[in-house]
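*Asks:* Dropping in run-v2.txt, which is compact mmCIF, C-alpha atoms:
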```txt
# COMPACT_ATOMS: atom_id res chain seq x y z
CA MET R 1 -15.38 17.36 -13.96
CA SER R 2 -11.91 18.13 -12.59
CA THR R 3 -8.80 16.55 -14.05
CA ILE R 4 -8.28 14.42 -10.95
CA SER R 5 -11.92 13.35 -10.96
CA SER R 6 -11.70 12.39 -14.62
CA LYS R 7 -8.50 10.43 -14.12
CA LEU R 8 -9.95 8.66 -11.09
CA HIS R 9 -12.89 7.63 -13.22
CA ASP R 10 -10.57 6.27 -15.93
CA VAL R 11 -8.41 4.33 -13.46
CA ASP R 12 -11.48 2.89 -11.77
CA ALA R 13 -12.82 1.79 -15.16
CA THR R 14 -9.49 0.11 -15.99
CA ILE R 15 -9.49 -1.78 -12.70
CA LYS R 16 -13.08 -2.91 -13.06
CA ALA R 17 -12.51 -4.06 -16.64
CA ALA R 18 -9.43 -6.04 -15.61
CA ALA R 19 -11.35 -7.65 -12.75
CA GLN R 20 -14.24 -8.63 -15.00
CA ALA R 21 -11.85 -10.05 -17.60
CA ALA R 22 -10.33 -12.23 -14.87
CA GLY R 23 -13.75 -13.43 -13.73
CA ARG R 24 -13.59 -11.39 -10.53
CA ALA R 25 -16.18 -9.11 -8.98
CA PRO R 26 -15.49 -5.48 -9.98
CA ASP R 27 -15.63 -4.40 -6.33
CA SER R 28 -13.05 -6.99 -5.22
CA VAL R 29 -10.21 -4.52 -5.83
CA THR R 30 -9.61 -1.38 -3.76
CA LEU R 31 -8.03 1.63 -5.43
CA LEU R 32 -5.42 3.25 -3.20
CA ALA R 33 -4.71 6.77 -4.48
CA VAL R 34 -1.01 7.45 -3.89
CA SER R 35 -0.89 11.13 -3.04
CA LYS R 36 2.80 11.45 -2.12
CA THR R 37 4.37 14.77 -3.23
CA PHE R 38 0.91 16.25 -3.90
CA GLY R 39 -0.64 18.75 -1.51
CA PRO R 40 -3.87 18.69 0.45
CA ASP R 41 -5.75 20.40 -2.40
CA ALA R 42 -5.15 17.42 -4.68
CA VAL R 43 -6.37 15.04 -1.97
CA LEU R 44 -9.46 17.18 -1.43
CA GLU R 45 -10.21 17.07 -5.16
CA ALA R 46 -10.00 13.29 -5.03
CA ILE R 47 -12.25 13.23 -1.96
CA ASP R 48 -14.82 15.33 -3.82
CA ALA R 49 -14.71 12.66 -6.54
CA GLY R 50 -15.48 9.96 -4.00
CA GLN R 51 -11.99 8.60 -3.21
CA ARG R 52 -11.47 7.63 0.44
CA ALA R 53 -8.22 5.59 0.65
CA PHE R 54 -4.87 7.36 0.24
CA GLY R 55 -1.28 6.13 0.29
CA GLU R 56 1.71 8.11 1.52
CA ASN R 57 5.47 7.38 1.40
CA TYR R 58 7.08 10.25 3.30
CA LEU R 59 6.17 10.50 6.96
CA GLN R 60 6.43 14.23 7.72
CA GLU R 61 4.72 15.19 4.48
CA ALA R 62 1.98 12.68 5.29
CA LEU R 63 1.44 13.93 8.84
CA ASP R 64 1.13 17.53 7.65
CA LYS R 65 -1.28 16.47 4.91
CA ILE R 66 -3.44 14.31 7.18
CA GLU R 67 -3.89 17.23 9.55
CA ALA R 68 -4.63 19.74 6.78
CA VAL R 69 -7.15 17.45 5.10
CA ALA R 70 -8.88 16.70 8.40
CA GLN R 71 -9.31 20.43 9.01
CA ALA R 72 -10.57 21.08 5.49
CA ALA R 73 -12.91 18.08 5.36
CA PRO R 74 -14.08 17.47 8.93
CA GLY R 75 -16.23 14.43 9.40
CA VAL R 76 -15.12 12.69 6.19
CA ALA R 77 -13.93 9.17 7.08
CA LEU R 78 -10.65 8.53 5.27
CA GLU R 79 -8.27 5.58 5.32
CA TRP R 80 -4.57 6.45 5.30
CA HIS R 81 -2.01 3.83 4.23
CA PHE R 82 1.72 4.13 4.85
CA ILE R 83 3.54 2.64 1.86
CA GLY R 84 7.10 3.97 2.22
CA PRO R 85 10.30 2.67 3.82
CA ILE R 86 10.10 2.53 7.62
CA GLN R 87 12.87 3.70 9.93
CA SER R 88 12.83 2.53 13.53
CA ASN R 89 12.67 6.08 14.89
CA LYS R 90 9.49 6.79 12.89
CA THR R 91 7.33 3.85 13.92
CA ARG R 92 5.39 5.68 16.65
CA PRO R 93 3.76 8.33 14.41
CA ILE R 94 3.11 5.66 11.79
CA ALA R 95 1.41 3.48 14.40
CA THR R 96 -0.76 6.36 15.60
CA HIS R 97 -1.80 8.01 12.31
CA PHE R 98 -2.37 5.22 9.79
CA ALA R 99 -4.88 2.42 9.33
CA TRP R 100 -2.58 0.31 7.16
CA VAL R 101 1.17 -0.23 6.75
CA HIS R 102 2.25 -2.04 3.57
CA THR R 103 6.03 -2.05 3.96
CA VAL R 104 6.92 -4.22 6.95
CA ASP R 105 9.87 -6.45 6.07
CA ARG R 106 11.51 -7.23 9.40
CA LEU R 107 10.37 -8.30 12.84
CA LYS R 108 11.88 -5.34 14.72
CA ILE R 109 9.68 -2.87 12.85
CA ALA R 110 6.58 -5.00 13.40
CA GLN R 111 7.32 -5.27 17.12
CA ARG R 112 7.69 -1.50 17.46
CA LEU R 113 4.46 -0.87 15.57
CA SER R 114 2.69 -3.37 17.83
CA GLU R 115 4.04 -1.78 21.00
CA GLN R 116 3.23 1.76 19.87
CA ARG R 117 -0.24 1.21 18.40
CA PRO R 118 -2.83 2.85 20.68
CA ALA R 119 -5.22 0.16 21.88
CA GLU R 120 -8.26 2.40 21.34
CA MET R 121 -7.48 2.61 17.62
CA GLY R 122 -7.89 -1.11 17.06
CA PRO R 123 -5.38 -3.37 15.28
CA LEU R 124 -3.06 -1.85 12.68
CA ASN R 125 -3.46 -3.62 9.33
CA ILE R 126 -0.13 -4.98 8.10
CA CYS R 127 1.20 -6.20 4.77
CA LEU R 128 4.64 -7.79 4.49
CA GLN R 129 6.71 -6.37 1.66
CA VAL R 130 8.29 -9.10 -0.46
CA ASN R 131 11.32 -8.42 -2.65
CA ILE R 132 9.71 -10.44 -5.41
CA SER R 133 12.25 -9.55 -8.12
CA GLY R 134 15.31 -10.08 -5.90
CA GLU R 135 16.63 -6.57 -6.49
CA GLU R 136 19.57 -5.62 -4.27
CA THR R 137 18.45 -1.99 -4.04
CA LYS R 138 14.86 -2.76 -3.09
CA SER R 139 13.39 -3.38 0.35
CA GLY R 140 11.46 -6.49 1.19
CA VAL R 141 11.73 -9.88 2.81
CA THR R 142 13.02 -12.75 0.69
CA GLU R 143 10.73 -15.58 -0.30
CA ALA R 144 12.80 -17.93 1.86
CA ASP R 145 12.41 -15.80 4.97
CA LEU R 146 8.75 -14.90 4.39
CA PRO R 147 7.00 -17.84 6.15
CA ALA R 148 8.89 -17.37 9.43
CA LEU R 149 8.34 -13.60 9.44
CA ALA R 150 4.66 -14.02 8.65
CA ARG R 151 4.15 -16.38 11.59
CA GLN R 152 6.00 -14.01 13.93
CA VAL R 153 4.08 -10.91 12.85
CA ALA R 154 0.74 -12.73 12.96
CA GLY R 155 1.36 -13.44 16.63
CA LEU R 156 1.92 -9.84 17.69
CA PRO R 157 -0.80 -7.95 19.58
CA ASN R 158 -2.30 -4.72 18.20
CA LEU R 159 -1.51 -5.79 14.63
CA ARG R 160 -3.55 -7.68 12.07
CA LEU R 161 -1.50 -9.34 9.36
CA ARG R 162 -3.60 -8.94 6.22
CA GLY R 163 -1.33 -10.09 3.42
CA LEU R 164 1.57 -9.26 1.13
CA MET R 165 2.85 -6.29 -0.85
CA ALA R 166 5.35 -6.06 -3.70
CA ILE R 167 6.91 -3.62 -6.15
CA PRO R 168 8.24 -5.80 -8.97
CA GLU R 169 11.07 -4.68 -11.20
CA PRO R 170 9.58 -2.40 -13.90
CA GLU R 171 8.53 -4.25 -17.03
CA GLN R 172 7.06 -2.58 -20.12
CA ASP R 173 5.84 -5.76 -21.81
CA PRO R 174 2.29 -6.35 -20.51
CA ASP R 175 2.63 -10.11 -20.97
CA LYS R 176 5.79 -10.26 -18.85
CA GLN R 177 4.22 -8.17 -16.07
CA HIS R 178 2.13 -11.12 -14.93
CA ALA R 179 4.90 -13.43 -13.66
CA PRO R 180 5.88 -11.65 -10.42
CA PHE R 181 2.25 -10.95 -9.55
CA ARG R 182 1.39 -14.61 -10.15
CA ARG R 183 4.23 -15.58 -7.82
CA MET R 184 2.90 -13.23 -5.16
CA ARG R 185 -0.48 -14.93 -5.35
CA GLU R 186 1.21 -18.31 -4.95
CA LEU R 187 3.09 -17.08 -1.87
CA LEU R 188 -0.14 -15.82 -0.32
CA GLU R 189 -1.83 -19.13 -0.99
CA GLN R 190 1.09 -20.99 0.58
CA LEU R 191 0.78 -18.92 3.76
CA ARG R 192 -2.95 -19.54 3.83
CA GLY R 193 -2.20 -23.24 3.53
CA GLU R 194 -0.13 -22.93 6.70
CA GLY R 195 -3.16 -21.60 8.55
CA LEU R 196 -2.67 -17.83 8.31
CA GLU R 197 -5.89 -15.92 7.62
CA LEU R 198 -4.76 -13.53 4.89
CA ASP R 199 -6.94 -11.64 2.42
CA THR R 200 -4.79 -8.94 0.83
CA LEU R 201 -2.42 -8.63 -2.11
CA SER R 202 -1.18 -5.04 -2.43
CA MET R 203 0.38 -4.91 -5.89
CA GLY R 204 0.13 -3.05 -9.14
CA MET R 205 0.71 0.62 -9.95
CA SER R 206 -0.08 3.00 -12.79
CA GLY R 207 1.86 1.07 -15.42
CA ASP R 208 0.93 -2.50 -14.53
CA MET R 209 -2.36 -2.39 -12.64
CA ALA R 210 -4.26 -4.48 -15.18
CA ALA R 211 -1.77 -7.35 -14.93
CA ALA R 212 -1.83 -7.15 -11.13
CA VAL R 213 -5.62 -7.32 -11.00
CA ALA R 214 -5.60 -10.27 -13.41
CA GLU R 215 -3.32 -12.12 -10.99
CA GLY R 216 -5.33 -11.39 -7.85
CA ALA R 217 -4.46 -7.94 -6.50
CA THR R 218 -6.94 -6.73 -3.91
CA ILE R 219 -5.32 -3.30 -3.45
CA VAL R 220 -3.84 -1.40 -6.40
CA ARG R 221 -1.60 1.57 -5.59
CA VAL R 222 -2.01 4.25 -8.27
CA GLY R 223 -0.48 7.72 -8.18
CA SER R 224 0.66 9.37 -11.40
CA ALA R 225 -2.30 8.07 -13.42
CA ILE R 226 -4.53 10.03 -11.01
CA PHE R 227 -2.52 13.05 -9.90
CA GLY R 228 -0.05 13.51 -12.76
CA ALA R 229 3.75 13.82 -12.84
CA ARG R 230 5.49 14.17 -9.48
CA ASN R 231 7.84 16.88 -8.24
CA TYR R 232 10.16 15.45 -5.58
CA ASN R 233 11.99 18.72 -4.91
CA LYS R 234 9.79 19.74 -1.98
CA VAL R 235 9.35 16.38 -0.27
CA LYS R 236 9.33 16.47 3.54
CA GLU R 237 10.46 13.09 4.81
```
Turn this file's structure into C-alpha cells for me.
*Replies:*
Amino acid sequence: MSTISSKLHDVDATIKAAAQAAGRAPDSVTLLAVSKTFGPDAVLEAIDAGQRAFGENYLQEALDKIEAVAQAAPGVALEWHFIGPIQSNKTRPIATHFAWVHTVDRLKIAQRLSEQRPAEMGPLNICLQVNISGEETKSGVTEADLPALARQVAGLPNLRLRGLMAIPEPEQDPDKQHAPFRRMRELLEQLRGEGLELDTLSMGMSGDMAAAVAEGATIVRVGSAIFGARNYNKVKE
C-alpha cells in the first residue's frame, strides 16, 4: 500500500468514525482530496486508491494537472473542485474545467461564471464562501450580506447553488473548533427556511475535520493529511 493510499484510508476512517459518532450515515460526507502544489503523480496514486474528487486552489497549476491526469488515466471519471480565490479574469477557464466552485463571495463573479459556463456541461455547482470568523485578511461574504447574495446567485442560469463553504480561523482546541462549524450549519438552515434548496456544507480540513463532520459537513477538504507537507515554491497561479 502506497503512502498516499494508506493516508487516504486513515482519513476516510476518521471521517466515518466522526459521522457515526454524530449519528450520521458514514457515506453522508464526501472527502475532497486537496491536491494543490502536488503533481499529477500524486493525484494518480490517489486515483489508484479509489479517490475521485480533487480540490485545486491555483488555476494554471490546476489546468496543467487536469490535462496531465486525463492523459494518464483516460476514461476515469473525476470531479474537479476549484477552492481558491477567484479573479474576474480567470472565471472562464474555471467555468469550463470544473464541476464545483466553493469560493464565490460576490455577485460579479457568480454572474461571470454563469455567462461563461458551457451549456452542454450542465450547471456549475456553487458554494458561497462565508467569512465565518470575521477575519479582515480572509475572503468571504459576511453573515449579514449572505441571504441577499444567496438569493441572487440561486437565480442565475447555468449555476446550481448547493450550499456554503468556510475556512474558520485556526483553532487547536478540539472543543472550540465546533462553534464556527455549528454557526455555518445554522446559516444553511436559515437559507433553507427561506426556500432555497441547499444540501452542502463544505467545511473542515486536516486539523479540524472531525469537528466539522460532527456539526454537519457534507464535504471535507483534506490535503496535508493525505499528500504530506506542501512546497509552495513552484506554484503556478
*Asks:* Using only C-alpha atoms, which of R:Ala212, R:Glu194, R:Gly140, R:Arg151 sits nearest R:His178?
*Replies:*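 Among the listed residues, R:Ala212 lies closest to R:His178.
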*Asks:* Using all atoms listed in the file, I'd like a table of the residues in stretch 35-108 of chain R that come within 10 Å of stretch 112-121 of chain R; for each, show the closest atom pair and its distance in Å rounded to one decimal, ordered by chain and ascending number, as JSON lines.
*Replies:*
```
{"residue": "R:Ser88", "atom": "CA", "partner": "R:Arg112", "partner_atom": "CA", "distance": 7.6}
{"residue": "R:Asn89", "atom": "CA", "partner": "R:Arg112", "partner_atom": "CA", "distance": 9.4}
{"residue": "R:Lys90", "atom": "CA", "partner": "R:Leu113", "partner_atom": "CA", "distance": 9.5}
{"residue": "R:Thr91", "atom": "CA", "partner": "R:Leu113", "partner_atom": "CA", "distance": 5.8}
{"residue": "R:Arg92", "atom": "CA", "partner": "R:Gln116", "partner_atom": "CA", "distance": 5.5}
{"residue": "R:Pro93", "atom": "CA", "partner": "R:Gln116", "partner_atom": "CA", "distance": 8.6}
{"residue": "R:Ile94", "atom": "CA", "partner": "R:Leu113", "partner_atom": "CA", "distance": 7.7}
{"residue": "R:Ala95", "atom": "CA", "partner": "R:Arg117", "partner_atom": "CA", "distance": 4.9}
{"residue": "R:Thr96", "atom": "CA", "partner": "R:Arg117", "partner_atom": "CA", "distance": 5.9}
{"residue": "R:His97", "atom": "CA", "partner": "R:Arg117", "partner_atom": "CA", "distance": 9.3}
{"residue": "R:Phe98", "atom": "CA", "partner": "R:Met121", "partner_atom": "CA", "distance": 9.7}
{"residue": "R:Ala99", "atom": "CA", "partner": "R:Met121", "partner_atom": "CA", "distance": 8.7}
{"residue": "R:Val101", "atom": "CA", "partner": "R:Leu113", "partner_atom": "CA", "distance": 9.4}
{"residue": "R:Val104", "atom": "CA", "partner": "R:Leu113", "partner_atom": "CA", "distance": 9.6}
{"residue": "R:Leu107", "atom": "CA", "partner": "R:Arg112", "partner_atom": "CA", "distance": 8.6}
{"residue": "R:Lys108", "atom": "CA", "partner": "R:Arg112", "partner_atom": "CA", "distance": 6.3}
```
*Asks:* Taking C-alpha atoms for each residue, export the selection above as a PDB file, in the coordinates of the input.
*Replies:*
```pdb
ATOM      1  CA  SER R  88      12.830   2.530  13.530  1.00  0.00           C
ATOM      2  CA  ASN R  89      12.670   6.080  14.890  1.00  0.00           C
ATOM      3  CA  LYS R  90       9.490   6.790  12.890  1.00  0.00           C
ATOM      4  CA  THR R  91       7.330   3.850  13.920  1.00  0.00           C
ATOM      5  CA  ARG R  92       5.390   5.680  16.650  1.00  0.00           C
ATOM      6  CA  PRO R  93       3.760   8.330  14.410  1.00  0.00           C
ATOM      7  CA  ILE R  94       3.110   5.660  11.790  1.00  0.00           C
ATOM      8  CA  ALA R  95       1.410   3.480  14.400  1.00  0.00           C
ATOM      9  CA  THR R  96      -0.760   6.360  15.600  1.00  0.00           C
ATOM     10  CA  HIS R  97      -1.800   8.010  12.310  1.00  0.00           C
ATOM     11  CA  PHE R  98      -2.370   5.220   9.790  1.00  0.00           C
ATOM     12  CA  ALA R  99      -4.880   2.420   9.330  1.00  0.00           C
ATOM     13  CA  VAL R 101       1.170  -0.230   6.750  1.00  0.00           C
ATOM     14  CA  VAL R 104       6.920  -4.220   6.950  1.00  0.00           C
ATOM     15  CA  LEU R 107      10.370  -8.300  12.840  1.00  0.00           C
ATOM     16  CA  LYS R 108      11.880  -5.340  14.720  1.00  0.00           C
TER      17      LYS R 108
END
```
*Asks:* Applying 10 Å and all atoms listed in the file, which residues near R:Gly122 remain after dropping the ones on its own chain fewer than 6 positions away? List them as a PyMOL selection string.
*Replies:* chain R and resi 99+158-160
*Asks:* Which residue gives the smallest distance to R:Ala46 among R:Gln20, R:Thr3, R:Gln71, R:Ser28, with all atoms listed in the file counted?
*Replies:* R:Thr3
*Asks:* Nearest to R:Gly204: which of R:Ala154, R:Ala144, R:Ala229, R:Ala33 is it, counting only C-alpha atoms?
*Replies:*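 Selected residue with least distance to R:Gly204: R:Ala33.
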*Asks:* In Å, how far is it from atom CA of R:Pro123 to atom CA of R:Ala25?
*Replies:*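 Separating atom CA of R:Pro123 from atom CA of R:Ala25 is a distance of 27.2 Å.
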*Asks:* May I have the protein, DNA and RNA residues with an atom at most 10 Å from (0.1, 6.5, -4.0), counting all atoms listed in the file in the file's coordinates, returned as a list of chain:residue names?
*Replies:*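 Taken together, the residues in range are R:Leu31, R:Leu32, R:Ala33, R:Val34, R:Ser35, R:Lys36, R:Thr37, R:Phe38, R:Ala53, R:Phe54, R:Gly55, R:Glu56, R:Asn57, R:His81, R:Phe82, R:Ile83, R:Gly84, R:Met205, R:Ser206, R:Val220, R:Arg221, R:Val222, R:Gly223, R:Ser224, R:Ala225, R:Ile226, R:Phe227.
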*Asks:* Counting only C-alpha atoms, which of R:Glu237, R:Pro26, R:Asp208, R:Arg230 gets nearest to R:Pro85?
*Replies:* R:Glu237
*Asks:* Which protein, DNA or RNA residues are at most 7 Å from (13.2, -0.7, -9.1) in the file's coordinates when you count only C-alpha atoms, listed as a PyMOL selection string?
*Replies:* chain R and resi 138+169-170
*Asks:* Starting from the incomplete input, reconstruct N, CA, C and O atoms of stretch 154-180 of chain R and report them as a PDB file, in the frame of the given file.
*Replies:*
```
ATOM      1  N   ALA R 154       2.137 -12.348  12.694  1.00  0.00           N
ATOM      2  CA  ALA R 154       0.740 -12.730  12.960  1.00  0.00           C
ATOM      3  C   ALA R 154       0.481 -12.928  14.449  1.00  0.00           C
ATOM      4  O   ALA R 154      -0.661 -12.795  14.903  1.00  0.00           O
ATOM      5  N   GLY R 155       1.523 -13.210  15.201  1.00  0.00           N
ATOM      6  CA  GLY R 155       1.360 -13.440  16.630  1.00  0.00           C
ATOM      7  C   GLY R 155       1.479 -12.210  17.505  1.00  0.00           C
ATOM      8  O   GLY R 155       1.299 -12.289  18.717  1.00  0.00           O
ATOM      9  N   LEU R 156       1.746 -11.062  16.907  1.00  0.00           N
ATOM     10  CA  LEU R 156       1.920  -9.840  17.690  1.00  0.00           C
ATOM     11  C   LEU R 156       0.573  -9.199  18.023  1.00  0.00           C
ATOM     12  O   LEU R 156      -0.324  -9.158  17.179  1.00  0.00           O
ATOM     13  N   PRO R 157       0.434  -8.666  19.232  1.00  0.00           N
ATOM     14  CA  PRO R 157      -0.800  -7.950  19.580  1.00  0.00           C
ATOM     15  C   PRO R 157      -0.865  -6.598  18.886  1.00  0.00           C
ATOM     16  O   PRO R 157       0.159  -6.058  18.455  1.00  0.00           O
ATOM     17  N   ASN R 158      -2.056  -6.054  18.759  1.00  0.00           N
ATOM     18  CA  ASN R 158      -2.300  -4.720  18.200  1.00  0.00           C
ATOM     19  C   ASN R 158      -2.019  -4.619  16.704  1.00  0.00           C
ATOM     20  O   ASN R 158      -2.085  -3.526  16.131  1.00  0.00           O
ATOM     21  N   LEU R 159      -1.689  -5.755  16.073  1.00  0.00           N
ATOM     22  CA  LEU R 159      -1.510  -5.790  14.630  1.00  0.00           C
ATOM     23  C   LEU R 159      -2.443  -6.848  14.055  1.00  0.00           C
ATOM     24  O   LEU R 159      -2.766  -7.836  14.709  1.00  0.00           O
ATOM     25  N   ARG R 160      -2.835  -6.654  12.802  1.00  0.00           N
ATOM     26  CA  ARG R 160      -3.550  -7.680  12.070  1.00  0.00           C
ATOM     27  C   ARG R 160      -2.837  -7.903  10.746  1.00  0.00           C
ATOM     28  O   ARG R 160      -2.843  -7.024   9.881  1.00  0.00           O
ATOM     29  N   LEU R 161      -2.177  -9.035  10.613  1.00  0.00           N
ATOM     30  CA  LEU R 161      -1.500  -9.340   9.360  1.00  0.00           C
ATOM     31  C   LEU R 161      -2.540  -9.641   8.297  1.00  0.00           C
ATOM     32  O   LEU R 161      -3.295 -10.606   8.398  1.00  0.00           O
ATOM     33  N   ARG R 162      -2.571  -8.810   7.254  1.00  0.00           N
ATOM     34  CA  ARG R 162      -3.600  -8.940   6.220  1.00  0.00           C
ATOM     35  C   ARG R 162      -3.103  -9.639   4.962  1.00  0.00           C
ATOM     36  O   ARG R 162      -3.887 -10.285   4.267  1.00  0.00           O
ATOM     37  N   GLY R 163      -1.801  -9.471   4.644  1.00  0.00           N
ATOM     38  CA  GLY R 163      -1.330 -10.090   3.420  1.00  0.00           C
ATOM     39  C   GLY R 163       0.040  -9.613   3.011  1.00  0.00           C
ATOM     40  O   GLY R 163       0.878  -9.284   3.856  1.00  0.00           O
ATOM     41  N   LEU R 164       0.258  -9.533   1.691  1.00  0.00           N
ATOM     42  CA  LEU R 164       1.570  -9.260   1.130  1.00  0.00           C
ATOM     43  C   LEU R 164       1.534  -8.064   0.189  1.00  0.00           C
ATOM     44  O   LEU R 164       0.504  -7.752  -0.400  1.00  0.00           O
ATOM     45  N   MET R 165       2.688  -7.434   0.041  1.00  0.00           N
ATOM     46  CA  MET R 165       2.850  -6.290  -0.850  1.00  0.00           C
ATOM     47  C   MET R 165       4.126  -6.470  -1.650  1.00  0.00           C
ATOM     48  O   MET R 165       5.101  -7.052  -1.154  1.00  0.00           O
ATOM     49  N   ALA R 166       4.133  -5.996  -2.888  1.00  0.00           N
ATOM     50  CA  ALA R 166       5.350  -6.060  -3.700  1.00  0.00           C
ATOM     51  C   ALA R 166       5.398  -4.925  -4.696  1.00  0.00           C
ATOM     52  O   ALA R 166       4.370  -4.404  -5.127  1.00  0.00           O
ATOM     53  N   ILE R 167       6.642  -4.567  -5.059  1.00  0.00           N
ATOM     54  CA  ILE R 167       6.910  -3.620  -6.150  1.00  0.00           C
ATOM     55  C   ILE R 167       7.864  -4.326  -7.096  1.00  0.00           C
ATOM     56  O   ILE R 167       9.083  -4.235  -6.934  1.00  0.00           O
ATOM     57  N   PRO R 168       7.348  -5.074  -8.060  1.00  0.00           N
ATOM     58  CA  PRO R 168       8.240  -5.800  -8.970  1.00  0.00           C
ATOM     59  C   PRO R 168       9.126  -4.866  -9.775  1.00  0.00           C
ATOM     60  O   PRO R 168       8.832  -3.690  -9.945  1.00  0.00           O
ATOM     61  N   GLU R 169      10.202  -5.432 -10.296  1.00  0.00           N
ATOM     62  CA  GLU R 169      11.070  -4.680 -11.200  1.00  0.00           C
ATOM     63  C   GLU R 169      10.240  -4.195 -12.394  1.00  0.00           C
ATOM     64  O   GLU R 169       9.431  -4.949 -12.938  1.00  0.00           O
ATOM     65  N   PRO R 170      10.391  -2.932 -12.799  1.00  0.00           N
ATOM     66  CA  PRO R 170       9.580  -2.400 -13.900  1.00  0.00           C
ATOM     67  C   PRO R 170       9.704  -3.241 -15.162  1.00  0.00           C
ATOM     68  O   PRO R 170      10.798  -3.673 -15.537  1.00  0.00           O
ATOM     69  N   GLU R 171       8.580  -3.469 -15.802  1.00  0.00           N
ATOM     70  CA  GLU R 171       8.530  -4.250 -17.030  1.00  0.00           C
ATOM     71  C   GLU R 171       7.512  -3.618 -17.973  1.00  0.00           C
ATOM     72  O   GLU R 171       6.354  -3.445 -17.614  1.00  0.00           O
ATOM     73  N   GLN R 172       7.944  -3.252 -19.168  1.00  0.00           N
ATOM     74  CA  GLN R 172       7.060  -2.580 -20.120  1.00  0.00           C
ATOM     75  C   GLN R 172       6.162  -3.547 -20.878  1.00  0.00           C
ATOM     76  O   GLN R 172       5.068  -3.173 -21.312  1.00  0.00           O
ATOM     77  N   ASP R 173       6.614  -4.768 -21.073  1.00  0.00           N
ATOM     78  CA  ASP R 173       5.840  -5.760 -21.810  1.00  0.00           C
ATOM     79  C   ASP R 173       4.674  -6.241 -20.947  1.00  0.00           C
ATOM     80  O   ASP R 173       4.892  -6.884 -19.921  1.00  0.00           O
ATOM     81  N   PRO R 174       3.436  -5.951 -21.338  1.00  0.00           N
ATOM     82  CA  PRO R 174       2.290  -6.350 -20.510  1.00  0.00           C
ATOM     83  C   PRO R 174       2.243  -7.850 -20.224  1.00  0.00           C
ATOM     84  O   PRO R 174       1.848  -8.268 -19.127  1.00  0.00           O
ATOM     85  N   ASP R 175       2.664  -8.669 -21.180  1.00  0.00           N
ATOM     86  CA  ASP R 175       2.630 -10.110 -20.970  1.00  0.00           C
ATOM     87  C   ASP R 175       3.613 -10.547 -19.883  1.00  0.00           C
ATOM     88  O   ASP R 175       3.339 -11.474 -19.116  1.00  0.00           O
ATOM     89  N   LYS R 176       4.771  -9.891 -19.826  1.00  0.00           N
ATOM     90  CA  LYS R 176       5.790 -10.260 -18.850  1.00  0.00           C
ATOM     91  C   LYS R 176       5.503  -9.688 -17.462  1.00  0.00           C
ATOM     92  O   LYS R 176       6.139 -10.086 -16.482  1.00  0.00           O
ATOM     93  N   GLN R 177       4.560  -8.753 -17.383  1.00  0.00           N
ATOM     94  CA  GLN R 177       4.220  -8.170 -16.070  1.00  0.00           C
ATOM     95  C   GLN R 177       3.538  -9.173 -15.164  1.00  0.00           C
ATOM     96  O   GLN R 177       3.556  -9.024 -13.940  1.00  0.00           O
ATOM     97  N   HIS R 178       2.940 -10.199 -15.730  1.00  0.00           N
ATOM     98  CA  HIS R 178       2.130 -11.120 -14.930  1.00  0.00           C
ATOM     99  C   HIS R 178       2.947 -12.005 -13.992  1.00  0.00           C
ATOM    100  O   HIS R 178       2.475 -12.351 -12.908  1.00  0.00           O
ATOM    101  N   ALA R 179       4.157 -12.410 -14.400  1.00  0.00           N
ATOM    102  CA  ALA R 179       4.900 -13.430 -13.660  1.00  0.00           C
ATOM    103  C   ALA R 179       5.130 -13.098 -12.186  1.00  0.00           C
ATOM    104  O   ALA R 179       4.825 -13.924 -11.308  1.00  0.00           O
ATOM    105  N   PRO R 180       5.663 -11.923 -11.847  1.00  0.00           N
ATOM    106  CA  PRO R 180       5.880 -11.650 -10.420  1.00  0.00           C
ATOM    107  C   PRO R 180       4.580 -11.549  -9.635  1.00  0.00           C
ATOM    108  O   PRO R 180       4.528 -11.949  -8.463  1.00  0.00           O
TER     109      PRO R 180
END
```
